[in-house]
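S.K.: Provided herewith: my_file31.pdb, PDB, C-alpha atoms, pLDDT in the B column.
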```pdb
ATOM      1  CA  MET A 288      -5.759 -20.066   6.473  1.00 37.00           C
ATOM      2  CA  PRO A 289      -3.388 -18.719   3.776  1.00 38.00           C
ATOM      3  CA  PRO A 290       0.275 -19.724   3.853  1.00 41.00           C
ATOM      4  CA  ALA A 291       2.564 -17.734   6.151  1.00 40.00           C
ATOM      5  CA  GLY A 292       3.582 -14.431   4.657  1.00 39.00           C
ATOM      6  CA  GLN A 293       0.646 -14.321   2.245  1.00 36.00           C
ATOM      7  CA  PRO A 294      -1.866 -11.496   2.843  1.00 36.00           C
ATOM      8  CA  LEU A 295      -5.294 -12.542   4.013  1.00 31.00           C
ATOM      9  CA  ILE A 296      -7.042 -10.404   1.437  1.00 31.00           C
ATOM     10  CA  GLN A 297      -5.850  -8.898  -1.808  1.00 34.00           C
ATOM     11  CA  PRO A 298      -6.860  -5.211  -2.113  1.00 35.00           C
ATOM     12  CA  PRO A 299      -8.657  -3.980  -5.223  1.00 33.00           C
ATOM     13  CA  ALA A 300      -6.232  -3.476  -8.079  1.00 29.00           C
ATOM     14  CA  LEU A 301      -5.665   0.098  -9.110  1.00 31.00           C
ATOM     15  CA  ASP A 302      -6.142  -0.944 -12.732  1.00 33.00           C
ATOM     16  CA  LEU A 303      -9.797  -1.546 -11.989  1.00 27.00           C
ATOM     17  CA  LEU A 304     -10.192   2.134 -11.145  1.00 33.00           C
ATOM     18  CA  LYS A 305      -8.917   3.557 -14.398  1.00 37.00           C
ATOM     19  CA  THR A 306     -12.359   4.587 -15.595  1.00 36.00           C
ATOM     20  CA  GLY A 307     -13.441   6.462 -12.492  1.00 44.00           C
ATOM     21  CA  GLY A 308     -10.330   6.747 -10.367  1.00 71.00           C
ATOM     22  CA  LEU A 309      -7.512   8.215 -12.426  1.00 80.00           C
ATOM     23  CA  GLY A 310      -8.872  11.730 -12.117  1.00 80.00           C
ATOM     24  CA  ALA A 311      -8.845  11.449  -8.332  1.00 78.00           C
ATOM     25  CA  MET A 312      -5.377   9.926  -8.346  1.00 81.00           C
ATOM     26  CA  LEU A 313      -3.991  12.670 -10.599  1.00 83.00           C
ATOM     27  CA  ALA A 314      -5.646  15.329  -8.453  1.00 80.00           C
ATOM     28  CA  GLY A 315      -3.944  13.798  -5.409  1.00 78.00           C
ATOM     29  CA  ARG A 316      -0.540  13.887  -7.102  1.00 81.00           C
ATOM     30  CA  LEU A 317      -0.981  17.533  -8.086  1.00 81.00           C
ATOM     31  CA  ALA A 318      -2.256  18.473  -4.624  1.00 79.00           C
ATOM     32  CA  GLU A 319       0.865  16.910  -3.093  1.00 78.00           C
ATOM     33  CA  SER A 320       3.031  18.998  -5.439  1.00 78.00           C
ATOM     34  CA  ILE A 321       1.195  22.171  -4.455  1.00 77.00           C
ATOM     35  CA  ARG A 322       1.554  21.362  -0.748  1.00 74.00           C
ATOM     36  CA  ALA A 323       5.273  20.708  -1.283  1.00 75.00           C
ATOM     37  CA  GLY A 324       5.699  24.191  -2.750  1.00 74.00           C
ATOM     38  CA  ASP A 325       6.385  23.082  -6.308  1.00 73.00           C
ATOM     39  CA  PHE A 326       3.714  25.594  -7.340  1.00 71.00           C
ATOM     40  CA  LEU A 327       3.256  28.821  -5.384  1.00 65.00           C
ATOM     41  CA  PHE A 328       0.369  31.234  -4.925  1.00 63.00           C
ATOM     42  CA  ASP A 329      -0.710  32.750  -8.245  1.00 65.00           C
ATOM     43  CA  ASP A 330       1.355  30.271 -10.264  1.00 71.00           C
ATOM     44  CA  PRO A 331      -0.611  28.669 -13.099  1.00 76.00           C
ATOM     45  CA  PRO A 332      -0.768  24.869 -12.843  1.00 71.00           C
ATOM     46  CA  PRO A 333       0.618  22.810 -15.744  1.00 77.00           C
ATOM     47  CA  THR A 334      -1.445  23.077 -18.876  1.00 80.00           C
ATOM     48  CA  GLU A 335      -3.848  20.377 -19.948  1.00 83.00           C
ATOM     49  CA  LYS A 336      -1.476  19.373 -22.746  1.00 87.00           C
ATOM     50  CA  GLN A 337       1.490  19.164 -20.348  1.00 85.00           C
ATOM     51  CA  LEU A 338      -0.438  16.968 -17.910  1.00 84.00           C
ATOM     52  CA  VAL A 339      -1.670  14.655 -20.664  1.00 88.00           C
ATOM     53  CA  GLU A 340       1.895  14.134 -21.870  1.00 87.00           C
ATOM     54  CA  ARG A 341       3.495  13.848 -18.435  1.00 86.00           C
ATOM     55  CA  PHE A 342       1.044  11.336 -16.948  1.00 85.00           C
ATOM     56  CA  SER A 343      -0.080   9.572 -20.142  1.00 87.00           C
ATOM     57  CA  VAL A 344      -3.758  10.116 -19.406  1.00 86.00           C
ATOM     58  CA  SER A 345      -6.646  11.460 -21.429  1.00 88.00           C
ATOM     59  CA  ARG A 346      -7.830  15.060 -21.508  1.00 87.00           C
ATOM     60  CA  ALA A 347     -11.001  13.935 -19.715  1.00 89.00           C
ATOM     61  CA  VAL A 348      -8.919  12.633 -16.785  1.00 87.00           C
ATOM     62  CA  VAL A 349      -6.969  15.911 -16.634  1.00 85.00           C
ATOM     63  CA  ARG A 350     -10.162  17.955 -16.652  1.00 85.00           C
ATOM     64  CA  GLU A 351     -11.600  15.829 -13.840  1.00 86.00           C
ATOM     65  CA  ALA A 352      -8.415  16.294 -11.808  1.00 82.00           C
ATOM     66  CA  ILE A 353      -8.444  20.074 -12.263  1.00 82.00           C
ATOM     67  CA  ALA A 354     -12.133  20.173 -11.330  1.00 82.00           C
ATOM     68  CA  ARG A 355     -11.320  18.284  -8.127  1.00 79.00           C
ATOM     69  CA  LEU A 356      -8.485  20.683  -7.335  1.00 79.00           C
ATOM     70  CA  LYS A 357     -10.872  23.604  -7.779  1.00 78.00           C
ATOM     71  CA  ALA A 358     -13.513  21.955  -5.589  1.00 74.00           C
ATOM     72  CA  ASP A 359     -10.955  21.309  -2.857  1.00 71.00           C
ATOM     73  CA  GLY A 360      -9.559  24.833  -2.979  1.00 74.00           C
ATOM     74  CA  PHE A 361      -6.123  24.087  -4.415  1.00 77.00           C
ATOM     75  CA  VAL A 362      -6.808  26.002  -7.618  1.00 77.00           C
ATOM     76  CA  ALA A 363      -8.833  29.162  -8.221  1.00 74.00           C
ATOM     77  CA  THR A 364     -10.033  30.523 -11.536  1.00 68.00           C
ATOM     78  CA  ARG A 365     -10.293  34.105 -12.739  1.00 66.00           C
ATOM     79  CA  GLN A 366     -12.511  35.119 -15.584  1.00 63.00           C
ATOM     80  CA  GLY A 367     -10.484  35.535 -18.742  1.00 59.00           C
ATOM     81  CA  ALA A 368      -7.194  34.653 -17.007  1.00 60.00           C
ATOM     82  CA  GLY A 369      -7.414  30.906 -16.399  1.00 64.00           C
ATOM     83  CA  ALA A 370      -6.530  28.861 -13.317  1.00 68.00           C
ATOM     84  CA  PHE A 371      -3.998  29.708 -10.602  1.00 70.00           C
ATOM     85  CA  VAL A 372      -2.782  28.129  -7.358  1.00 73.00           C
ATOM     86  CA  ALA A 373      -4.952  29.363  -4.480  1.00 67.00           C
ATOM     87  CA  ALA A 374      -3.598  31.522  -1.677  1.00 61.00           C
ATOM     88  CA  ARG A 375      -4.480  28.898   0.968  1.00 60.00           C
ATOM     89  CA  PRO A 376      -4.527  25.620  -0.939  1.00 58.00           C
ATOM     90  CA  GLY A 377      -6.743  22.784   0.183  1.00 55.00           C
ATOM     91  CA  LEU A 378      -8.879  24.703   2.655  1.00 53.00           C
ATOM     92  CA  ALA A 379     -12.131  24.672   0.689  1.00 55.00           C
ATOM     93  CA  GLN A 380     -13.311  21.424   2.292  1.00 58.00           C
ATOM     94  CA  PHE A 381     -12.089  18.351   4.094  1.00 58.00           C
ATOM     95  CA  ARG A 382     -11.835  15.274   1.910  1.00 63.00           C
ATOM     96  CA  ILE A 383     -10.070  11.950   2.312  1.00 64.00           C
ATOM     97  CA  ALA A 384     -11.172   9.988  -0.739  1.00 58.00           C
ATOM     98  CA  PRO A 385     -14.302   9.370  -2.783  1.00 47.00           C
ATOM     99  CA  PRO A 386     -16.775   6.904  -1.220  1.00 41.00           C
ATOM    100  CA  GLY A 387     -16.630   3.397  -2.606  1.00 41.00           C
ATOM    101  CA  SER A 388     -13.009   3.386  -3.749  1.00 44.00           C
ATOM    102  CA  ASP A 389     -11.091   4.359  -0.610  1.00 48.00           C
ATOM    103  CA  LEU A 390      -8.893   1.324  -0.085  1.00 51.00           C
ATOM    104  CA  ALA A 391      -7.687   1.368  -3.671  1.00 51.00           C
ATOM    105  CA  LEU A 392      -7.127   5.113  -3.952  1.00 55.00           C
ATOM    106  CA  LEU A 393      -5.166   5.522  -0.727  1.00 61.00           C
ATOM    107  CA  SER A 394      -1.761   4.051  -0.089  1.00 68.00           C
ATOM    108  CA  ARG A 395      -1.371   1.881   2.994  1.00 70.00           C
ATOM    109  CA  GLN A 396       0.555   4.672   4.747  1.00 74.00           C
ATOM    110  CA  GLU A 397      -2.196   7.173   3.973  1.00 75.00           C
ATOM    111  CA  LEU A 398      -4.825   4.831   5.329  1.00 78.00           C
ATOM    112  CA  LEU A 399      -2.806   4.235   8.494  1.00 81.00           C
ATOM    113  CA  HIS A 400      -2.817   8.006   8.967  1.00 82.00           C
ATOM    114  CA  VAL A 401      -6.600   7.849   8.681  1.00 82.00           C
ATOM    115  CA  PHE A 402      -6.624   5.159  11.365  1.00 87.00           C
ATOM    116  CA  GLU A 403      -4.747   7.611  13.612  1.00 90.00           C
ATOM    117  CA  LEU A 404      -7.419  10.217  12.922  1.00 88.00           C
ATOM    118  CA  ARG A 405     -10.107   7.669  13.697  1.00 89.00           C
ATOM    119  CA  GLY A 406      -8.339   6.814  16.950  1.00 92.00           C
ATOM    120  CA  VAL A 407      -8.489  10.417  18.111  1.00 93.00           C
ATOM    121  CA  ILE A 408     -12.151  10.768  17.145  1.00 93.00           C
ATOM    122  CA  GLU A 409     -13.265   7.387  18.497  1.00 94.00           C
ATOM    123  CA  ALA A 410     -11.459   7.928  21.794  1.00 96.00           C
ATOM    124  CA  GLY A 411     -13.131  11.301  22.257  1.00 96.00           C
ATOM    125  CA  MET A 412     -16.544   9.909  21.410  1.00 96.00           C
ATOM    126  CA  ALA A 413     -16.147   6.991  23.798  1.00 98.00           C
ATOM    127  CA  GLU A 414     -15.043   9.352  26.573  1.00 98.00           C
ATOM    128  CA  PHE A 415     -18.091  11.565  26.114  1.00 98.00           C
ATOM    129  CA  ALA A 416     -20.330   8.516  25.738  1.00 98.00           C
ATOM    130  CA  ALA A 417     -19.209   7.241  29.143  1.00 98.00           C
ATOM    131  CA  LEU A 418     -20.124  10.593  30.678  1.00 98.00           C
ATOM    132  CA  ARG A 419     -23.382  11.200  28.823  1.00 98.00           C
ATOM    133  CA  ARG A 420     -24.904   7.801  27.952  1.00 97.00           C
ATOM    134  CA  THR A 421     -28.555   7.314  28.717  1.00 97.00           C
ATOM    135  CA  PRO A 422     -30.381   4.051  29.396  1.00 97.00           C
ATOM    136  CA  THR A 423     -31.563   4.136  25.780  1.00 97.00           C
ATOM    137  CA  ASP A 424     -27.965   4.511  24.574  1.00 97.00           C
ATOM    138  CA  ILE A 425     -26.879   1.523  26.644  1.00 97.00           C
ATOM    139  CA  VAL A 426     -29.661  -0.598  25.142  1.00 97.00           C
ATOM    140  CA  ALA A 427     -28.498   0.371  21.619  1.00 96.00           C
ATOM    141  CA  LEU A 428     -24.857  -0.371  22.423  1.00 97.00           C
ATOM    142  CA  ARG A 429     -25.666  -3.759  23.920  1.00 97.00           C
ATOM    143  CA  ALA A 430     -27.912  -4.650  20.977  1.00 96.00           C
ATOM    144  CA  ALA A 431     -25.146  -3.869  18.467  1.00 95.00           C
ATOM    145  CA  TYR A 432     -22.634  -5.829  20.533  1.00 96.00           C
ATOM    146  CA  ALA A 433     -25.013  -8.802  20.763  1.00 96.00           C
ATOM    147  CA  ALA A 434     -25.517  -8.717  16.986  1.00 94.00           C
ATOM    148  CA  MET A 435     -21.746  -8.967  16.496  1.00 93.00           C
ATOM    149  CA  GLU A 436     -21.638 -11.869  18.942  1.00 94.00           C
ATOM    150  CA  GLN A 437     -24.241 -13.624  16.801  1.00 93.00           C
ATOM    151  CA  ALA A 438     -22.221 -12.813  13.674  1.00 90.00           C
ATOM    152  CA  LEU A 439     -19.186 -14.511  15.186  1.00 90.00           C
ATOM    153  CA  ARG A 440     -21.214 -17.735  15.424  1.00 88.00           C
ATOM    154  CA  ASP A 441     -22.942 -17.344  12.066  1.00 88.00           C
ATOM    155  CA  PRO A 442     -20.658 -16.750   9.056  1.00 78.00           C
ATOM    156  CA  ASP A 443     -23.667 -15.625   6.997  1.00 79.00           C
ATOM    157  CA  ALA A 444     -24.504 -12.791   9.399  1.00 78.00           C
ATOM    158  CA  ALA A 445     -23.635  -9.214   8.447  1.00 77.00           C
ATOM    159  CA  GLY A 446     -20.878  -8.719  10.990  1.00 86.00           C
ATOM    160  CA  ALA A 447     -19.384  -5.672   9.272  1.00 87.00           C
ATOM    161  CA  ALA A 448     -22.747  -3.895   9.236  1.00 88.00           C
ATOM    162  CA  ASP A 449     -23.231  -4.680  12.934  1.00 91.00           C
ATOM    163  CA  ASP A 450     -19.711  -3.360  13.558  1.00 91.00           C
ATOM    164  CA  ASP A 451     -20.697  -0.091  11.865  1.00 89.00           C
ATOM    165  CA  THR A 452     -23.849   0.015  13.995  1.00 91.00           C
ATOM    166  CA  PHE A 453     -21.847  -0.388  17.210  1.00 95.00           C
ATOM    167  CA  HIS A 454     -19.550   2.516  16.373  1.00 93.00           C
ATOM    168  CA  ALA A 455     -22.547   4.624  15.376  1.00 92.00           C
ATOM    169  CA  ALA A 456     -24.146   3.834  18.741  1.00 95.00           C
ATOM    170  CA  VAL A 457     -21.010   5.056  20.526  1.00 97.00           C
ATOM    171  CA  ALA A 458     -21.162   8.272  18.500  1.00 95.00           C
ATOM    172  CA  ALA A 459     -24.851   8.728  19.338  1.00 95.00           C
ATOM    173  CA  ALA A 460     -24.169   8.179  23.050  1.00 97.00           C
ATOM    174  CA  ALA A 461     -21.647  11.044  23.005  1.00 97.00           C
ATOM    175  CA  HIS A 462     -24.572  13.407  22.318  1.00 96.00           C
ATOM    176  CA  ASN A 463     -22.518  15.774  20.177  1.00 95.00           C
ATOM    177  CA  PRO A 464     -24.033  16.246  16.706  1.00 90.00           C
ATOM    178  CA  TYR A 465     -20.734  17.359  15.151  1.00 89.00           C
ATOM    179  CA  LEU A 466     -18.860  14.329  16.434  1.00 89.00           C
ATOM    180  CA  ALA A 467     -21.674  12.105  15.186  1.00 87.00           C
ATOM    181  CA  GLN A 468     -21.583  13.786  11.766  1.00 85.00           C
ATOM    182  CA  PHE A 469     -17.825  13.340  11.453  1.00 85.00           C
ATOM    183  CA  ALA A 470     -18.089   9.716  12.606  1.00 83.00           C
ATOM    184  CA  THR A 471     -20.673   9.146   9.865  1.00 82.00           C
ATOM    185  CA  TYR A 472     -18.286  10.679   7.335  1.00 78.00           C
ATOM    186  CA  LEU A 473     -15.484   8.340   8.388  1.00 78.00           C
ATOM    187  CA  ALA A 474     -17.784   5.309   8.377  1.00 75.00           C
ATOM    188  CA  GLN A 475     -19.061   6.192   4.898  1.00 68.00           C
ATOM    189  CA  HIS A 476     -15.534   6.270   3.540  1.00 65.00           C
ATOM    190  CA  PHE A 477     -13.823   3.549   5.546  1.00 67.00           C
ATOM    191  CA  SER A 478     -16.328   0.941   6.620  1.00 69.00           C
ATOM    192  CA  ALA A 479     -14.479  -1.292   4.139  1.00 70.00           C
ATOM    193  CA  THR A 480     -11.732  -1.653   6.743  1.00 73.00           C
ATOM    194  CA  ARG A 481     -14.304  -3.209   9.074  1.00 79.00           C
ATOM    195  CA  ALA A 482     -15.449  -5.515   6.303  1.00 78.00           C
ATOM    196  CA  LEU A 483     -11.842  -6.677   6.108  1.00 78.00           C
ATOM    197  CA  THR A 484     -12.058  -7.849   9.736  1.00 83.00           C
ATOM    198  CA  TRP A 485     -15.184  -9.888   8.983  1.00 86.00           C
ATOM    199  CA  HIS A 486     -13.876 -11.484   5.795  1.00 83.00           C
ATOM    200  CA  PRO A 487     -13.952 -15.319   6.130  1.00 84.00           C
ATOM    201  CA  ALA A 488     -10.156 -15.608   6.000  1.00 82.00           C
ATOM    202  CA  ALA A 489      -9.779 -12.910   8.652  1.00 81.00           C
ATOM    203  CA  ARG A 490     -12.402 -14.622  10.820  1.00 85.00           C
ATOM    204  CA  ASP A 491     -10.444 -17.864  10.598  1.00 84.00           C
ATOM    205  CA  ALA A 492      -7.305 -15.991  11.611  1.00 85.00           C
ATOM    206  CA  GLY A 493      -9.075 -14.637  14.714  1.00 90.00           C
ATOM    207  CA  ALA A 494      -9.402 -11.017  13.602  1.00 90.00           C
ATOM    208  CA  ALA A 495     -13.140 -10.746  14.242  1.00 91.00           C
ATOM    209  CA  ALA A 496     -12.876 -12.370  17.668  1.00 93.00           C
ATOM    210  CA  ALA A 497     -10.036 -10.032  18.644  1.00 94.00           C
ATOM    211  CA  SER A 498     -12.018  -7.037  17.456  1.00 94.00           C
ATOM    212  CA  GLN A 499     -15.049  -8.172  19.432  1.00 95.00           C
ATOM    213  CA  ALA A 500     -12.973  -8.457  22.611  1.00 96.00           C
ATOM    214  CA  GLU A 501     -11.912  -4.849  22.064  1.00 97.00           C
ATOM    215  CA  HIS A 502     -15.547  -3.831  21.521  1.00 97.00           C
ATOM    216  CA  ARG A 503     -16.422  -5.462  24.827  1.00 97.00           C
ATOM    217  CA  GLU A 504     -13.844  -3.299  26.639  1.00 98.00           C
ATOM    218  CA  VAL A 505     -15.320  -0.176  25.054  1.00 98.00           C
ATOM    219  CA  LEU A 506     -18.854  -1.227  25.916  1.00 98.00           C
ATOM    220  CA  GLU A 507     -18.064  -2.111  29.528  1.00 98.00           C
ATOM    221  CA  ALA A 508     -16.235   1.167  30.143  1.00 98.00           C
ATOM    222  CA  ILE A 509     -19.080   3.232  28.695  1.00 98.00           C
ATOM    223  CA  VAL A 510     -21.727   1.345  30.673  1.00 98.00           C
ATOM    224  CA  ALA A 511     -19.634   1.798  33.831  1.00 98.00           C
ATOM    225  CA  GLY A 512     -19.319   5.517  33.163  1.00 98.00           C
ATOM    226  CA  ASP A 513     -15.518   5.325  33.216  1.00 98.00           C
ATOM    227  CA  ALA A 514     -14.519   8.015  30.725  1.00 98.00           C
ATOM    228  CA  ALA A 515     -10.756   7.419  30.916  1.00 98.00           C
ATOM    229  CA  ALA A 516     -11.122   3.662  30.439  1.00 98.00           C
ATOM    230  CA  ALA A 517     -13.551   4.168  27.558  1.00 98.00           C
ATOM    231  CA  ALA A 518     -11.136   6.494  25.743  1.00 98.00           C
ATOM    232  CA  THR A 519      -8.240   4.092  26.283  1.00 98.00           C
ATOM    233  CA  ALA A 520     -10.276   1.102  25.095  1.00 98.00           C
ATOM    234  CA  ALA A 521     -11.455   2.928  21.960  1.00 97.00           C
ATOM    235  CA  ARG A 522      -7.963   4.145  21.131  1.00 97.00           C
ATOM    236  CA  ASN A 523      -6.580   0.624  21.604  1.00 97.00           C
ATOM    237  CA  HIS A 524      -9.306  -0.833  19.385  1.00 96.00           C
ATOM    238  CA  ILE A 525      -8.443   1.472  16.492  1.00 93.00           C
ATOM    239  CA  ALA A 526      -4.702   0.867  16.961  1.00 94.00           C
ATOM    240  CA  GLN A 527      -5.267  -2.894  16.833  1.00 93.00           C
ATOM    241  CA  ALA A 528      -7.533  -2.503  13.791  1.00 90.00           C
ATOM    242  CA  ALA A 529      -4.752  -0.570  12.056  1.00 89.00           C
ATOM    243  CA  ALA A 530      -2.271  -3.337  12.894  1.00 88.00           C
ATOM    244  CA  ARG A 531      -4.634  -5.988  11.537  1.00 86.00           C
ATOM    245  CA  TYR A 532      -5.110  -4.001   8.355  1.00 81.00           C
ATOM    246  CA  ALA A 533      -1.360  -3.531   7.876  1.00 80.00           C
ATOM    247  CA  ALA A 534      -0.787  -7.259   8.340  1.00 78.00           C
ATOM    248  CA  ALA A 535      -3.585  -8.294   5.976  1.00 72.00           C
ATOM    249  CA  VAL A 536      -3.081  -5.900   3.071  1.00 66.00           C
ATOM    250  CA  PRO A 537       0.290  -5.466   1.350  1.00 60.00           C
ATOM    251  CA  GLU A 538       1.644  -2.148   0.153  1.00 59.00           C
ATOM    252  CA  VAL A 539       0.831  -1.627  -3.524  1.00 48.00           C
TER     253      VAL A 539
END
```
Rewrite the coordinates I just gave you, this time as structure tokens.
M.R.:
Amino acid sequence: MPPAGQPLIQPPALDLLKTGGLGAMLAGRLAESIRAGDFLFDDPPPTEKQLVERFSVSRAVVREAIARLKADGFVATRQGAGAFVAARPGLAQFRIAPPGSDLALLSRQELLHVFELRGVIEAGMAEFAALRRTPTDIVALRAAYAAMEQALRDPDAAGAADDDTFHAAVAAAAHNPYLAQFATYLAQHFSATRALTWHPAARDAGAAAASQAEHREVLEAIVAGDAAAAATAARNHIAQAAARYAAAVPEV
């Protein structure tokens, strides 16, 4: 185990993302400014030259950031007139962060907010799963749980992947295609937080075992058909996962 006070796992350094991540980071900064009212409807955003000078980035990074703002509905373009702040900024689509670079692009506080979102979604899915699970669903849930049990005993087993499978099985047992789709979206972007739990140092610290105990509570409540207990167990699991993440990864 690492010395007291030392994080279990060092997060990816932001410097490693300069090639593909600065555009997203700049877009996030500009989106925050638009949300804060620094730029109002029909205001033009800062020019490319102004952004290059202010943030010390290349024109390519600025163009990527503006493209992201357009895609996300923060900025609209008019032929022959340029770009302007949209009337209802940010409503074009829901986005948290690009797949594959989530932990590094989000601050710890932002990711904890995502954990809160996950808690709401996971609790709802577990509640519906307890009410709607079929014998086939129960078999899938128990198989995923058993695979995680095996992973606890075998450090070479893919515990994080089995963790993803368990949560996907809960989503499937809810029998709501929109919930399942949103759960897939969250897993695609944030399965790295589950990998954190199964990291060797986190295993040694008891994180994986604690997580598995929480999974057992979710599983037992769903199998028993106890919707309230299933929702509570799922919400508690995500809250504990957020606490483990906050303890393991320092603010950067």
S.K.: Could you write out as a PDB file with C-alpha atoms, keeping the file's coordinate frame the residues that the PyMOL selection byres ((chain A and resi 510-516) around 10) matches in the shown file?
M.R.:
```pdb
ATOM      1  CA  ALA A 410     -11.459   7.928  21.794  1.00 96.00           C
ATOM      2  CA  GLY A 411     -13.131  11.301  22.257  1.00 96.00           C
ATOM      3  CA  MET A 412     -16.544   9.909  21.410  1.00 96.00           C
ATOM      4  CA  ALA A 413     -16.147   6.991  23.798  1.00 98.00           C
ATOM      5  CA  GLU A 414     -15.043   9.352  26.573  1.00 98.00           C
ATOM      6  CA  PHE A 415     -18.091  11.565  26.114  1.00 98.00           C
ATOM      7  CA  ALA A 416     -20.330   8.516  25.738  1.00 98.00           C
ATOM      8  CA  ALA A 417     -19.209   7.241  29.143  1.00 98.00           C
ATOM      9  CA  LEU A 418     -20.124  10.593  30.678  1.00 98.00           C
ATOM     10  CA  ARG A 419     -23.382  11.200  28.823  1.00 98.00           C
ATOM     11  CA  ARG A 420     -24.904   7.801  27.952  1.00 97.00           C
ATOM     12  CA  THR A 421     -28.555   7.314  28.717  1.00 97.00           C
ATOM     13  CA  PRO A 422     -30.381   4.051  29.396  1.00 97.00           C
ATOM     14  CA  ASP A 424     -27.965   4.511  24.574  1.00 97.00           C
ATOM     15  CA  ILE A 425     -26.879   1.523  26.644  1.00 97.00           C
ATOM     16  CA  VAL A 426     -29.661  -0.598  25.142  1.00 97.00           C
ATOM     17  CA  LEU A 428     -24.857  -0.371  22.423  1.00 97.00           C
ATOM     18  CA  ARG A 429     -25.666  -3.759  23.920  1.00 97.00           C
ATOM     19  CA  GLU A 504     -13.844  -3.299  26.639  1.00 98.00           C
ATOM     20  CA  VAL A 505     -15.320  -0.176  25.054  1.00 98.00           C
ATOM     21  CA  LEU A 506     -18.854  -1.227  25.916  1.00 98.00           C
ATOM     22  CA  GLU A 507     -18.064  -2.111  29.528  1.00 98.00           C
ATOM     23  CA  ALA A 508     -16.235   1.167  30.143  1.00 98.00           C
ATOM     24  CA  ILE A 509     -19.080   3.232  28.695  1.00 98.00           C
ATOM     25  CA  ALA A 517     -13.551   4.168  27.558  1.00 98.00           C
ATOM     26  CA  ALA A 518     -11.136   6.494  25.743  1.00 98.00           C
ATOM     27  CA  THR A 519      -8.240   4.092  26.283  1.00 98.00           C
ATOM     28  CA  ALA A 520     -10.276   1.102  25.095  1.00 98.00           C
ATOM     29  CA  ALA A 521     -11.455   2.928  21.960  1.00 97.00           C
ATOM     30  CA  ARG A 522      -7.963   4.145  21.131  1.00 97.00           C
TER      31      ARG A 522
END
```
S.K.: Would you kindly translate the PyMOL selection byres ((chain A and resi 454) around 10) into the concrete residues it picks from this file, as a PDB file with C-alpha atoms, in the coordinates of the input?
M.R.:
```
ATOM      1  CA  GLU A 409     -13.265   7.387  18.497  1.00 94.00           C
ATOM      2  CA  MET A 412     -16.544   9.909  21.410  1.00 96.00           C
ATOM      3  CA  ALA A 413     -16.147   6.991  23.798  1.00 98.00           C
ATOM      4  CA  LEU A 428     -24.857  -0.371  22.423  1.00 97.00           C
ATOM      5  CA  ALA A 431     -25.146  -3.869  18.467  1.00 95.00           C
ATOM      6  CA  TYR A 432     -22.634  -5.829  20.533  1.00 96.00           C
ATOM      7  CA  ASP A 449     -23.231  -4.680  12.934  1.00 91.00           C
ATOM      8  CA  ASP A 450     -19.711  -3.360  13.558  1.00 91.00           C
ATOM      9  CA  ASP A 451     -20.697  -0.091  11.865  1.00 89.00           C
ATOM     10  CA  THR A 452     -23.849   0.015  13.995  1.00 91.00           C
ATOM     11  CA  PHE A 453     -21.847  -0.388  17.210  1.00 95.00           C
ATOM     12  CA  ALA A 455     -22.547   4.624  15.376  1.00 92.00           C
ATOM     13  CA  ALA A 456     -24.146   3.834  18.741  1.00 95.00           C
ATOM     14  CA  VAL A 457     -21.010   5.056  20.526  1.00 97.00           C
ATOM     15  CA  ALA A 458     -21.162   8.272  18.500  1.00 95.00           C
ATOM     16  CA  ALA A 459     -24.851   8.728  19.338  1.00 95.00           C
ATOM     17  CA  ALA A 460     -24.169   8.179  23.050  1.00 97.00           C
ATOM     18  CA  ALA A 467     -21.674  12.105  15.186  1.00 87.00           C
ATOM     19  CA  ALA A 470     -18.089   9.716  12.606  1.00 83.00           C
ATOM     20  CA  THR A 471     -20.673   9.146   9.865  1.00 82.00           C
ATOM     21  CA  ALA A 474     -17.784   5.309   8.377  1.00 75.00           C
ATOM     22  CA  HIS A 502     -15.547  -3.831  21.521  1.00 97.00           C
ATOM     23  CA  ALA A 521     -11.455   2.928  21.960  1.00 97.00           C
TER      24      ALA A 521
END
```
S.K.: I'd like the interatomic distance between atom CA of A:Lys336 and atom CA of A:Arg316, to a tenth of an Å.
M.R.: 16.6 Å
S.K.: Select, from A:His462, A:Arg346, A:Arg531, A:Lys357, the residue with the minimum atom-to-atom distance to A:Pro332, counting only C-alpha atoms.
M.R.: A:Lys357
S.K.: In terms of the shortest atom-to-atom distance over all atoms listed in the file, which of A:Ala530, A:Met435, A:Leu466, A:Ala461 is closest to A:Thr480?
M.R.: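 Nearest to A:Thr480: A:Ala530.
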S.K.: Find the distance between atom CA of A:Val372 and atom CA of A:Asp330 and write it in Å to one decimal.
M.R.: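 These two atoms are separated by 5.5 Å.
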S.K.: Would you pick out the contacts of A:Arg481 at 10 Å or less, using all atoms listed in the file, so that residues sharing its chain but fewer than 4 positions from it are not included, and give the list as a PyMOL selection string?
M.R.: chain A and resi 446-451+474+477+485-486+495+498+528+532
S.K.: So, with all atoms listed in the file as the atoms that count, which of A:Ala444, A:Leu473, A:Phe361, A:Gln337 lies closest to A:Ser320?
M.R.: A:Phe361
S.K.: Atom CA of A:Leu439 and atom CA of A:Arg490 are how many Å apart?
M.R.: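 Those two atoms sit 8.1 Å apart.
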S.K.: Using all atoms listed in the file, which of A:Tyr472, A:Pro333, A:Ala533, A:Phe371 sits nearest A:Arg405?
M.R.: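 Once distances to A:Arg405 are computed over all atoms listed in the file, the minimum belongs to A:Tyr472.
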